[in-house]
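Data from work34.pdb: PDB, C-alpha atoms and all ligand atoms
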```pdb
MODEL        1
ATOM      1  CA  MET S   1       0.000   0.000   0.000
ATOM      2  CA  SER S   2       1.403   3.412  -0.889
ATOM      3  CA  ALA S   3       1.878   5.977   1.859
ATOM      4  CA  ALA S   4      -0.774   8.727   1.860
ATOM      5  CA  ARG S   5       0.509  12.176   0.975
ATOM      6  CA  PRO S   6       0.373  14.631   3.873
ATOM      7  CA  ALA S   7      -2.600  16.996   3.561
ATOM      8  CA  VAL S   8      -1.978  20.391   1.982
ATOM      9  CA  ALA S   9      -1.911  23.212   4.506
ATOM     10  CA  ALA S  10      -5.018  25.382   4.294
ATOM     11  CA  PRO S  11      -4.664  28.465   2.088
ATOM     12  CA  PRO S  12      -4.430  31.741   4.002
ATOM     13  CA  GLU S  13      -7.640  33.413   5.165
ATOM     14  CA  ARG S  14      -9.309  35.513   2.515
ATOM     15  CA  PRO S  15      -8.931  38.124   1.282
ATOM     16  CA  CYS S  16      -5.213  37.370   1.049
ATOM     17  CA  THR S  17      -2.294  39.052  -0.677
ATOM     18  CA  VAL S  18       0.100  37.867  -3.376
ATOM     19  CA  ALA S  19       2.859  37.545  -0.743
ATOM     20  CA  GLU S  20       0.648  35.341   1.486
ATOM     21  CA  ILE S  21      -0.505  33.047  -1.316
ATOM     22  CA  LYS S  22       3.065  32.702  -2.569
ATOM     23  CA  ARG S  23       4.183  31.606   0.899
ATOM     24  CA  PHE S  24       1.337  29.080   1.029
ATOM     25  CA  LEU S  25       2.234  27.692  -2.415
ATOM     26  CA  ALA S  26       5.921  27.321  -1.569
ATOM     27  CA  GLU S  27       4.967  25.312   1.539
ATOM     28  CA  ALA S  28       2.316  23.215  -0.195
ATOM     29  CA  LEU S  29       4.335  22.321  -3.306
ATOM     30  CA  PRO S  30       6.480  19.193  -3.023
ATOM     31  CA  ALA S  31      10.225  19.627  -2.510
ATOM     32  CA  ARG S  32      11.765  17.320  -5.110
ATOM     33  CA  GLU S  33      15.331  16.855  -6.232
ATOM     34  CA  GLY S  34      16.123  19.506  -8.821
ATOM     35  CA  ALA S  35      12.880  21.416  -8.145
ATOM     36  CA  SER S  36      12.497  24.655  -6.218
ATOM     37  CA  PRO S  37       9.059  25.080  -4.584
ATOM     38  CA  ARG S  38       9.629  28.856  -4.415
ATOM     39  CA  ALA S  39      10.376  29.067  -8.148
ATOM     40  CA  GLU S  40       7.420  26.794  -8.934
ATOM     41  CA  ALA S  41       5.160  28.902  -6.723
ATOM     42  CA  ALA S  42       6.180  32.012  -8.638
ATOM     43  CA  ALA S  43       5.650  30.243 -11.992
ATOM     44  CA  LEU S  44       2.145  29.040 -11.021
ATOM     45  CA  LEU S  45       1.182  32.427  -9.684
ATOM     46  CA  ALA S  46       2.397  34.163 -12.856
ATOM     47  CA  PHE S  47       0.443  31.620 -14.925
ATOM     48  CA  VAL S  48      -2.827  32.055 -13.018
ATOM     49  CA  LEU S  49      -2.516  35.841 -12.835
ATOM     50  CA  ASP S  50      -1.557  35.819 -16.534
ATOM     51  CA  THR S  51       1.319  38.184 -15.893
ATOM     52  CA  GLU S  52       5.091  38.424 -15.730
ATOM     53  CA  ARG S  53       6.681  37.509 -12.394
ATOM     54  CA  SER S  54       8.213  40.968 -12.118
ATOM     55  CA  VAL S  55       4.717  42.509 -11.964
ATOM     56  CA  PHE S  56       3.615  40.720  -8.834
ATOM     57  CA  VAL S  57       7.083  40.789  -7.278
ATOM     58  CA  ALA S  58       6.788  44.567  -7.420
ATOM     59  CA  ASP S  59       3.255  44.482  -6.017
ATOM     60  CA  SER S  60       3.202  41.763  -3.367
ATOM     61  CA  ASN S  61       0.462  43.486  -1.327
ATOM     62  CA  ARG S  62      -2.037  43.177  -4.170
ATOM     63  CA  THR S  63      -5.154  41.186  -3.134
ATOM     64  CA  VAL S  64      -5.781  37.817  -4.798
ATOM     65  CA  SER S  65      -9.381  36.969  -5.774
ATOM     66  CA  ASP S  66     -11.203  33.873  -4.490
ATOM     67  CA  GLU S  67     -11.269  32.472  -8.005
ATOM     68  CA  VAL S  68      -7.456  32.748  -8.308
ATOM     69  CA  CYS S  69      -7.033  31.087  -4.876
ATOM     70  CA  GLU S  70      -9.266  28.203  -5.945
ATOM     71  CA  ARG S  71      -7.428  27.689  -9.272
ATOM     72  CA  LEU S  72      -4.093  27.691  -7.453
ATOM     73  CA  ARG S  73      -5.343  25.175  -4.901
ATOM     74  CA  ARG S  74      -6.375  22.801  -7.727
ATOM     75  CA  LEU S  75      -3.014  23.252  -9.514
ATOM     76  CA  VAL S  76      -1.136  22.492  -6.279
ATOM     77  CA  GLU S  77      -3.125  19.241  -5.963
ATOM     78  CA  ARG S  78      -2.164  18.202  -9.503
ATOM     79  CA  ARG S  79       1.474  19.107  -8.912
ATOM     80  CA  ARG S  80       1.491  17.119  -5.667
ATOM     81  CA  ALA S  81       0.158  14.144  -7.663
ATOM     82  CA  GLY S  82       3.349  14.381  -9.761
ATOM     83  CA  GLU S  83       2.167  16.182 -12.911
ATOM     84  CA  PRO S  84       5.067  18.167 -14.457
ATOM     85  CA  LEU S  85       4.891  21.904 -13.806
ATOM     86  CA  GLN S  86       5.175  22.543 -17.553
ATOM     87  CA  TYR S  87       2.023  20.498 -18.248
ATOM     88  CA  LEU S  88       0.161  22.604 -15.661
ATOM     89  CA  THR S  89       1.179  25.903 -17.223
ATOM     90  CA  GLY S  90       1.169  24.521 -20.799
ATOM     91  CA  SER S  91       4.565  26.019 -21.554
ATOM     92  CA  ALA S  92       8.297  25.486 -21.157
ATOM     93  CA  PRO S  93      11.164  27.969 -21.580
ATOM     94  CA  PHE S  94      13.983  27.141 -24.009
ATOM     95  CA  LEU S  95      16.694  29.771 -24.573
ATOM     96  CA  ASP S  96      14.747  32.835 -25.787
ATOM     97  CA  LEU S  97      11.605  30.789 -26.589
ATOM     98  CA  THR S  98       8.485  29.927 -24.616
ATOM     99  CA  LEU S  99       7.159  26.716 -26.131
ATOM    100  CA  ALA S 100       3.707  25.149 -25.871
ATOM    101  CA  VAL S 101       3.901  21.693 -24.270
ATOM    102  CA  GLY S 102       1.324  19.178 -23.125
ATOM    103  CA  PRO S 103       0.713  15.600 -22.018
ATOM    104  CA  GLY S 104       2.194  13.043 -24.383
ATOM    105  CA  ALA S 105       4.959  15.383 -25.596
ATOM    106  CA  PHE S 106       8.512  15.569 -24.260
ATOM    107  CA  VAL S 107       9.182  18.736 -22.225
ATOM    108  CA  PRO S 108      12.262  20.568 -23.638
ATOM    109  CA  ARG S 109      15.101  20.529 -21.108
ATOM    110  CA  PRO S 110      17.785  23.119 -20.299
ATOM    111  CA  GLU S 111      20.401  20.425 -21.065
ATOM    112  CA  THR S 112      19.439  20.666 -24.753
ATOM    113  CA  GLU S 113      20.082  24.418 -24.908
ATOM    114  CA  GLY S 114      23.826  23.794 -25.290
ATOM    115  CA  LEU S 115      23.175  21.518 -28.251
ATOM    116  CA  ALA S 116      21.097  24.222 -29.982
ATOM    117  CA  LEU S 117      23.769  26.867 -29.362
ATOM    118  CA  HIS S 118      26.537  24.619 -30.639
ATOM    119  CA  ALA S 119      24.467  23.543 -33.656
ATOM    120  CA  GLU S 120      24.255  27.200 -34.683
ATOM    121  CA  ARG S 121      28.067  27.399 -34.644
ATOM    122  CA  LEU S 122      28.300  24.330 -36.912
ATOM    123  CA  LEU S 123      26.223  25.973 -39.668
ATOM    124  CA  PRO S 124      28.011  27.046 -42.846
ATOM    125  CA  ALA S 125      28.461  30.782 -43.405
ATOM    126  CA  GLY S 126      26.033  30.971 -46.376
ATOM    127  CA  PRO S 127      22.628  32.563 -45.744
ATOM    128  CA  ALA S 128      20.339  29.657 -46.674
ATOM    129  CA  PRO S 129      21.554  26.321 -45.300
ATOM    130  CA  THR S 130      19.314  23.252 -45.089
ATOM    131  CA  ILE S 131      18.817  21.891 -41.566
ATOM    132  CA  VAL S 132      17.136  18.622 -40.617
ATOM    133  CA  ASP S 133      16.080  18.157 -36.977
ATOM    134  CA  LEU S 134      15.390  14.489 -36.204
ATOM    135  CA  CYS S 135      13.176  13.533 -33.223
ATOM    136  CA  ALA S 136      12.056  17.166 -33.104
ATOM    137  CA  GLY S 137       9.470  16.938 -30.281
ATOM    138  CA  VAL S 138       7.682  20.271 -29.792
ATOM    139  CA  GLY S 139      10.473  21.954 -31.757
ATOM    140  CA  PRO S 140      12.994  23.640 -29.428
ATOM    141  CA  VAL S 141      16.097  23.061 -31.567
ATOM    142  CA  ALA S 142      14.393  23.521 -34.957
ATOM    143  CA  ILE S 143      12.571  26.717 -33.958
ATOM    144  CA  TYR S 144      15.635  28.196 -32.249
ATOM    145  CA  LEU S 145      17.735  27.610 -35.404
ATOM    146  CA  ALA S 146      14.980  28.815 -37.749
ATOM    147  CA  ARG S 147      14.856  32.114 -35.870
ATOM    148  CA  ARG S 148      18.624  32.510 -35.930
ATOM    149  CA  ARG S 149      18.781  31.778 -39.686
ATOM    150  CA  PRO S 150      15.523  33.093 -41.171
ATOM    151  CA  ARG S 151      16.469  32.074 -44.730
ATOM    152  CA  ALA S 152      17.395  28.492 -43.815
ATOM    153  CA  ARG S 153      15.264  25.580 -44.989
ATOM    154  CA  LEU S 154      14.191  23.739 -41.837
ATOM    155  CA  VAL S 155      12.811  20.193 -41.898
ATOM    156  CA  ALA S 156      11.643  18.700 -38.577
ATOM    157  CA  LEU S 157      10.986  14.963 -38.307
ATOM    158  CA  GLU S 158       8.889  13.618 -35.430
ATOM    159  CA  ALA S 159       6.997  10.342 -34.974
ATOM    160  CA  GLU S 160       4.297  11.310 -32.447
ATOM    161  CA  GLU S 161       1.161  13.171 -33.559
ATOM    162  CA  LYS S 162       0.728  14.871 -30.157
ATOM    163  CA  ALA S 163       4.217  16.338 -30.402
ATOM    164  CA  THR S 164       3.828  17.395 -34.048
ATOM    165  CA  ALA S 165       0.580  19.254 -33.259
ATOM    166  CA  LEU S 166       2.479  21.284 -30.627
ATOM    167  CA  LEU S 167       5.478  21.647 -32.952
ATOM    168  CA  ARG S 168       3.231  23.242 -35.605
ATOM    169  CA  GLN S 169       1.628  25.469 -32.955
ATOM    170  CA  ASN S 170       5.064  26.627 -31.749
ATOM    171  CA  ALA S 171       6.303  27.274 -35.301
ATOM    172  CA  ALA S 172       3.173  29.365 -35.965
ATOM    173  CA  ARG S 173       3.629  31.300 -32.708
ATOM    174  CA  TYR S 174       7.152  32.289 -33.786
ATOM    175  CA  GLU S 175       6.186  32.685 -37.457
ATOM    176  CA  VAL S 176       8.896  30.331 -38.729
ATOM    177  CA  ALA S 177       8.394  28.223 -41.841
ATOM    178  CA  LEU S 178       9.144  24.664 -40.744
ATOM    179  CA  GLU S 179       8.498  21.663 -42.944
ATOM    180  CA  VAL S 180       7.141  19.040 -40.550
ATOM    181  CA  VAL S 181       7.577  15.396 -41.526
ATOM    182  CA  VAL S 182       5.499  13.061 -39.375
ATOM    183  CA  GLY S 183       7.161   9.686 -39.405
ATOM    184  CA  ASP S 184       9.509   7.083 -38.008
ATOM    185  CA  ALA S 185      13.223   7.840 -38.305
ATOM    186  CA  PHE S 186      13.825   4.167 -39.042
ATOM    187  CA  ALA S 187      11.308   3.867 -41.884
ATOM    188  CA  PRO S 188      12.722   4.028 -45.446
ATOM    189  CA  ALA S 189       9.527   5.774 -46.659
ATOM    190  CA  THR S 190      10.003   8.619 -44.150
ATOM    191  CA  MET S 191      13.614   9.064 -45.023
ATOM    192  CA  ALA S 192      12.830   9.424 -48.712
ATOM    193  CA  ARG S 193      11.133  12.720 -47.703
ATOM    194  CA  LEU S 194      14.308  14.284 -46.269
ATOM    195  CA  PRO S 195      16.502  16.687 -48.274
ATOM    196  CA  ALA S 196      20.297  16.813 -48.544
ATOM    197  CA  ALA S 197      21.393  18.829 -45.496
ATOM    198  CA  ASP S 198      24.154  21.096 -44.225
ATOM    199  CA  LEU S 199      23.301  20.249 -40.622
ATOM    200  CA  ILE S 200      21.497  17.358 -38.941
ATOM    201  CA  THR S 201      20.497  17.760 -35.287
ATOM    202  CA  ALA S 202      18.925  15.172 -32.980
ATOM    203  CA  ASN S 203      17.992  14.792 -29.352
ATOM    204  CA  PRO S 204      16.776  11.194 -29.647
ATOM    205  CA  PRO S 205      15.427   8.927 -26.901
ATOM    206  CA  TYR S 206      18.581   7.663 -25.131
ATOM    207  CA  ILE S 207      17.604   6.236 -21.739
ATOM    208  CA  PRO S 208      18.392   2.512 -21.424
ATOM    209  CA  SER S 209      15.083   0.584 -21.164
ATOM    210  CA  ALA S 210      15.958  -0.932 -17.772
ATOM    211  CA  VAL S 211      16.484   2.559 -16.268
ATOM    212  CA  ILE S 212      13.001   3.828 -17.197
ATOM    213  CA  PRO S 213      11.191   2.256 -14.183
ATOM    214  CA  ASN S 214      13.653   4.078 -11.865
ATOM    215  CA  LEU S 215      13.162   7.554 -13.337
ATOM    216  CA  PRO S 216      11.496  10.210 -11.150
ATOM    217  CA  PRO S 217       7.708   9.578 -11.222
ATOM    218  CA  GLU S 218       6.993  12.924 -12.875
ATOM    219  CA  VAL S 219       9.049  11.801 -15.874
ATOM    220  CA  ARG S 220       8.246   8.064 -15.842
ATOM    221  CA  ASP S 221       4.499   8.416 -15.257
ATOM    222  CA  TRP S 222       3.780  11.491 -17.371
ATOM    223  CA  GLU S 223       6.097  11.731 -20.367
ATOM    224  CA  ALA S 224       5.693   9.308 -23.300
ATOM    225  CA  ALA S 225       7.975   6.253 -23.020
ATOM    226  CA  SER S 226       8.611   6.569 -26.764
ATOM    227  CA  ALA S 227      10.355   9.905 -26.104
ATOM    228  CA  LEU S 228      12.687   8.380 -23.515
ATOM    229  CA  ASP S 229      13.429   4.743 -24.327
ATOM    230  CA  GLY S 230      16.653   4.248 -26.289
ATOM    231  CA  GLY S 231      16.551   0.442 -26.186
ATOM    232  CA  PRO S 232      18.618  -1.978 -24.062
ATOM    233  CA  ASP S 233      21.800   0.166 -24.019
ATOM    234  CA  GLY S 234      20.148   3.527 -24.796
ATOM    235  CA  LEU S 235      22.074   3.701 -28.081
ATOM    236  CA  ARG S 236      19.413   2.425 -30.498
ATOM    237  CA  PHE S 237      19.067   5.679 -32.477
ATOM    238  CA  TYR S 238      22.717   6.641 -32.980
ATOM    239  CA  PRO S 239      23.717   4.127 -35.710
ATOM    240  CA  ARG S 240      20.599   5.189 -37.635
ATOM    241  CA  ILE S 241      21.487   8.874 -37.235
ATOM    242  CA  ALA S 242      25.047   8.151 -38.422
ATOM    243  CA  GLU S 243      23.643   6.267 -41.417
ATOM    244  CA  LEU S 244      21.397   9.231 -42.278
ATOM    245  CA  ALA S 245      24.274  11.672 -41.843
ATOM    246  CA  VAL S 246      26.433   9.642 -44.232
ATOM    247  CA  GLY S 247      23.547   9.511 -46.713
ATOM    248  CA  TYR S 248      22.158  13.058 -46.451
ATOM    249  CA  LEU S 249      24.908  15.427 -45.298
ATOM    250  CA  ARG S 250      26.486  17.592 -47.927
ATOM    251  CA  PRO S 251      30.309  17.648 -47.938
ATOM    252  CA  GLY S 252      31.447  19.917 -45.079
ATOM    253  CA  GLY S 253      28.080  19.436 -43.326
ATOM    254  CA  ALA S 254      27.801  18.398 -39.676
ATOM    255  CA  VAL S 255      25.650  16.243 -37.423
ATOM    256  CA  ILE S 256      25.145  16.912 -33.711
ATOM    257  CA  VAL S 257      23.338  14.681 -31.197
ATOM    258  CA  GLU S 258      22.498  14.853 -27.506
ATOM    259  CA  ILE S 259      23.698  11.945 -25.362
ATOM    260  CA  GLY S 260      23.084  10.531 -21.902
ATOM    261  CA  GLU S 261      25.425   9.673 -19.057
ATOM    262  CA  GLY S 262      28.326   7.399 -20.012
ATOM    263  CA  GLN S 263      27.430   7.338 -23.717
ATOM    264  CA  ALA S 264      30.128   9.674 -25.107
ATOM    265  CA  GLY S 265      32.660   6.932 -25.991
ATOM    266  CA  ALA S 266      30.141   4.720 -27.800
ATOM    267  CA  VAL S 267      28.498   7.615 -29.666
ATOM    268  CA  LYS S 268      31.897   8.988 -30.703
ATOM    269  CA  ARG S 269      32.719   5.622 -32.223
ATOM    270  CA  ILE S 270      29.341   5.473 -34.006
ATOM    271  CA  LEU S 271      29.542   9.023 -35.433
ATOM    272  CA  GLY S 272      33.159   8.385 -36.442
ATOM    273  CA  ALA S 273      31.611   6.877 -39.594
ATOM    274  CA  VAL S 274      30.641  10.440 -40.620
ATOM    275  CA  GLY S 275      33.954  12.259 -40.083
ATOM    276  CA  GLU S 276      35.998  13.949 -37.385
ATOM    277  CA  VAL S 277      34.201  13.762 -34.017
ATOM    278  CA  ALA S 278      34.137  15.903 -30.862
ATOM    279  CA  VAL S 279      32.289  15.936 -27.528
ATOM    280  CA  GLY S 280      30.726  18.951 -25.755
ATOM    281  CA  GLN S 281      29.702  19.415 -22.123
ATOM    282  CA  ASP S 282      26.605  20.900 -20.504
ATOM    283  CA  LEU S 283      26.673  23.610 -17.835
ATOM    284  CA  ALA S 284      27.191  20.966 -15.143
ATOM    285  CA  GLY S 285      30.361  19.825 -16.955
ATOM    286  CA  ARG S 286      28.848  16.484 -18.084
ATOM    287  CA  ASP S 287      29.447  15.160 -21.611
ATOM    288  CA  ARG S 288      26.146  16.092 -23.260
ATOM    289  CA  TYR S 289      26.517  16.212 -27.031
ATOM    290  CA  VAL S 290      28.671  14.743 -29.780
ATOM    291  CA  TRP S 291      29.158  16.163 -33.251
ATOM    292  CA  ALA S 292      30.904  15.062 -36.424
ATOM    293  CA  ARG S 293      31.705  16.903 -39.620
ATOM    294  CA  ARG S 294      31.729  15.331 -43.053
ATOM    295  CA  GLU S 295      34.895  16.059 -44.988
ATOM    296  CA  GLU S 296      34.870  18.761 -47.665
ATOM    297  CA  VAL S 297      35.441  17.397 -51.171
ATOM    298  CA  ALA S 298      38.988  18.207 -52.323
ATOM    299  CA  THR S 299      38.978  20.486 -55.363
TER     300      THR S 299
HETATM  301  C1  LIG P 301      14.092  13.080 -26.064
HETATM  302  S1  LIG P 301      12.734  13.636 -27.013
HETATM  303  C2  LIG P 301      13.430  15.136 -27.695
HETATM  304  C3  LIG P 301      12.435  16.071 -28.301
HETATM  305  C4  LIG P 301      13.027  17.433 -28.724
HETATM  306  N1  LIG P 301      14.073  17.273 -29.725
HETATM  307  C5  LIG P 301      13.571  18.160 -27.506
HETATM  308  O1  LIG P 301      14.802  18.261 -27.377
HETATM  309  O2  LIG P 301      12.766  18.603 -26.678
HETATM  310  C6  LIG P 301      12.784  12.478 -28.359
HETATM  311  C7  LIG P 301      11.705  12.680 -29.417
HETATM  312  O3  LIG P 301      11.856  11.651 -30.430
HETATM  313  C8  LIG P 301      10.576  11.234 -30.860
HETATM  314  N2  LIG P 301      10.736   9.882 -31.431
HETATM  315  C9  LIG P 301      10.805   8.703 -30.784
HETATM  316  N3  LIG P 301      10.970   7.692 -31.639
HETATM  317  C10 LIG P 301      11.027   8.239 -32.881
HETATM  318  C11 LIG P 301      11.193   7.707 -34.181
HETATM  319  N4  LIG P 301      11.352   6.386 -34.385
HETATM  320  N5  LIG P 301      11.203   8.549 -35.229
HETATM  321  C12 LIG P 301      11.046   9.891 -35.043
HETATM  322  N6  LIG P 301      10.883  10.469 -33.826
HETATM  323  C13 LIG P 301      10.880   9.652 -32.761
HETATM  324  C14 LIG P 301       9.752  11.279 -29.594
HETATM  325  O4  LIG P 301       8.371  11.313 -29.885
HETATM  326  C15 LIG P 301      10.272  12.546 -28.920
HETATM  327  O5  LIG P 301       9.533  13.676 -29.300
ENDMDL
END
```
Would you encode the structure as structure tokens?
Amino acid sequence: MSAARPAVAAPPERPCTVAEIKRFLAEALPAREGASPRAEAAALLAFVLDTERSVFVADSNRTVSDEVCERLRRLVERRRAGEPLQYLTGSAPFLDLTLAVGPGAFVPRPETEGLALHAERLLPAGPAPTIVDLCAGVGPVAIYLARRRPRARLVALEAEEKATALLRQNAARYEVALEVVVGDAFAPATMARLPAADLITANPPYIPSAVIPNLPPEVRDWEAASALDGGPDGLRFYPRIAELAVGYLRPGGAVIVEIGEGQAGAVKRILGAVGEVAVGQDLAGRDRYVWARREEVAT
């Protein structure tokens, strides 16, 4: 039998102020590894008040309506049941973007921001490169790059309909022209729809199958297994990505992929089939992405 969650403390007496409700939220929200109840409280409050955090920070004596209190109480309940904060607010930040997210779609992570920034550096100098983003999810990498290079041709491949609906919504929000290919990266028919590219990016599923049951419940129970599961060793997608890079990259083009813990050596060997390989680290200093560049053709 699972242990009952402790009851949520009662919200402050009404009418209450922004400062009081924020204190209540920070106490009522669960303290989880990597999560800050104070930051989550501020995010939920900003969401329900439909405002920027700075507005209510500057006006913490403002009175909160009963309706807002009730909505916050319900959101706290859902959060305490493990639902990701980003599903509650319907959005996730990624570099300078705020992306629509929702159940069934992978929530973009800060770890992937480094990959997007490095991908931009791998682009050729010309104004209109072709970029293919494999396993695109709701579009963080593709939309970031499309905004940085407005004349680029951007093709985003994603298997899950729920994710592609959000990907299209995000592309429309930022007014970028993405070509969305809905399909399986392993299917020959899908691949026939991809163009020759100057850059291939991918943050594929890379968690070893046996690790999935031990993930934090808010990931394991809420995000689609198909977005996480990289097969027995977590490496299922990388040989396919290398094969595509060999087949679709123009000479001088590059491929960059995100990796999980302990995968740098194996992925370096796999992408070695494309060309010279290197490894990059995330802000915590962990190996987080690997890239390879196809040789230029000698003239
Ligand atoms: C780890 S998520 C990354 C999503 C996005 N690139 C990001 O960084 O937020 C992996 C994505 O690959 C998609 N995916 C899984 N299997 C796939 C396949 N066989 N072909 C294409 N996409 C796939 C999942 O639906 C998921 O959106």
* Could you write out as a PyMOL selection string the residues that the PyMOL selection byres (((not hetatm)) within 7 of (chain P and resi 301)) matches in the shown file? -> chain S and resi 105-109+112+134-141+157-160+163+183-186+202-205+226-228
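Remark: for Ala116 of chain S, the closest of the candidate residues S:Arg288, S:Arg294, S:Arg236, S:Arg73 is S:Arg288 (distances computed over all atoms listed in the file).
Going from atom CA of Gly82 of chain S to atom CA of Glu223 of chain S covers 11.3 Å.
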Around all listed atoms of segment 106-125 of chain S, padded 8 Å per side, what centre and edge lengths does the axis-aligned box have in Å to one decimal, as JSON?
```
{"center_x": 18.5, "center_y": 23.2, "center_z": -31.9, "size_x": 35.9, "size_y": 31.2, "size_z": 39.1}
```
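Residue nearest Ser91 of chain S, chosen from S:Ala43, S:Leu178, S:Ala192, S:Ala242 and counting only C-alpha atoms: S:Ala43.
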* With the file shown as input, list the residues that the PyMOL selection byres (((chain S and resi 277) around 9) and not hetatm) selects, as a PyMOL selection string. => chain S and resi 268-269+271-272+274-276+278-279+290-293
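Atom CA of Arg80 of chain S is positioned 14.3 Å from atom CA of Arg38 of chain S.
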* Asked: Can you list what the PyMOL selection byres (((chain S and resi 247-260) around 8) and not hetatm) grabs from this structure, as a ChimeraX atom specification?
  -> /S:112,115,119,122-124,194-204,206-207,243-246,261-264,267,287-297
Restricted to C-alpha atoms, what would the selected residues look like written as a tab-separated table (two decimals), in the coordinates of the input?
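Wrote it out as result_38.tsv, contents follow:
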```tsv
chain	number	residue	atom	x	y	z
S	112	THR	CA	19.44	20.67	-24.75
S	115	LEU	CA	23.18	21.52	-28.25
S	119	ALA	CA	24.47	23.54	-33.66
S	122	LEU	CA	28.30	24.33	-36.91
S	123	LEU	CA	26.22	25.97	-39.67
S	124	PRO	CA	28.01	27.05	-42.85
S	194	LEU	CA	14.31	14.28	-46.27
S	195	PRO	CA	16.50	16.69	-48.27
S	196	ALA	CA	20.30	16.81	-48.54
S	197	ALA	CA	21.39	18.83	-45.50
S	198	ASP	CA	24.15	21.10	-44.22
S	199	LEU	CA	23.30	20.25	-40.62
S	200	ILE	CA	21.50	17.36	-38.94
S	201	THR	CA	20.50	17.76	-35.29
S	202	ALA	CA	18.92	15.17	-32.98
S	203	ASN	CA	17.99	14.79	-29.35
S	204	PRO	CA	16.78	11.19	-29.65
S	206	TYR	CA	18.58	7.66	-25.13
S	207	ILE	CA	17.60	6.24	-21.74
S	243	GLU	CA	23.64	6.27	-41.42
S	244	LEU	CA	21.40	9.23	-42.28
S	245	ALA	CA	24.27	11.67	-41.84
S	246	VAL	CA	26.43	9.64	-44.23
S	261	GLU	CA	25.42	9.67	-19.06
S	262	GLY	CA	28.33	7.40	-20.01
S	263	GLN	CA	27.43	7.34	-23.72
S	264	ALA	CA	30.13	9.67	-25.11
S	267	VAL	CA	28.50	7.62	-29.67
S	287	ASP	CA	29.45	15.16	-21.61
S	288	ARG	CA	26.15	16.09	-23.26
S	289	TYR	CA	26.52	16.21	-27.03
S	290	VAL	CA	28.67	14.74	-29.78
S	291	TRP	CA	29.16	16.16	-33.25
S	292	ALA	CA	30.90	15.06	-36.42
S	293	ARG	CA	31.70	16.90	-39.62
S	294	ARG	CA	31.73	15.33	-43.05
S	295	GLU	CA	34.90	16.06	-44.99
S	296	GLU	CA	34.87	18.76	-47.66
S	297	VAL	CA	35.44	17.40	-51.17
```
* Radius query 10 Å about (16.3, 30.6, -28.3), atoms used: all atoms listed in the file, as a VMD selection string -> chain S and resid 93 to 98 113 116 to 117 140 to 148
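With atom CA of Ala128 of chain S on one side and atom CA of Arg149 of chain S on the other, the separation reads 7.5 Å.
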Could you produce a table of the residues of segment 131-227 of chain S lying within 12 Å of segment 22-32 of chain S, with the nearest pair of atoms per residue and their separation in Å rounded to one decimal, using only C-alpha atoms, ordered by chain and increasing residue number, as a Markdown table?
```
| residue | atom | partner | partner_atom | distance |
| --- | --- | --- | --- | --- |
| S:Pro216 | CA | S:Arg32 | CA | 9.3 |
| S:Pro217 | CA | S:Arg32 | CA | 10.7 |
| S:Glu218 | CA | S:Arg32 | CA | 10.1 |
```
* Structure fact -> Of S:Leu75, S:Ala39, S:Ile21, S:Ala81, the one sitting nearest Trp222 of chain S when using only C-alpha atoms is S:Ala81
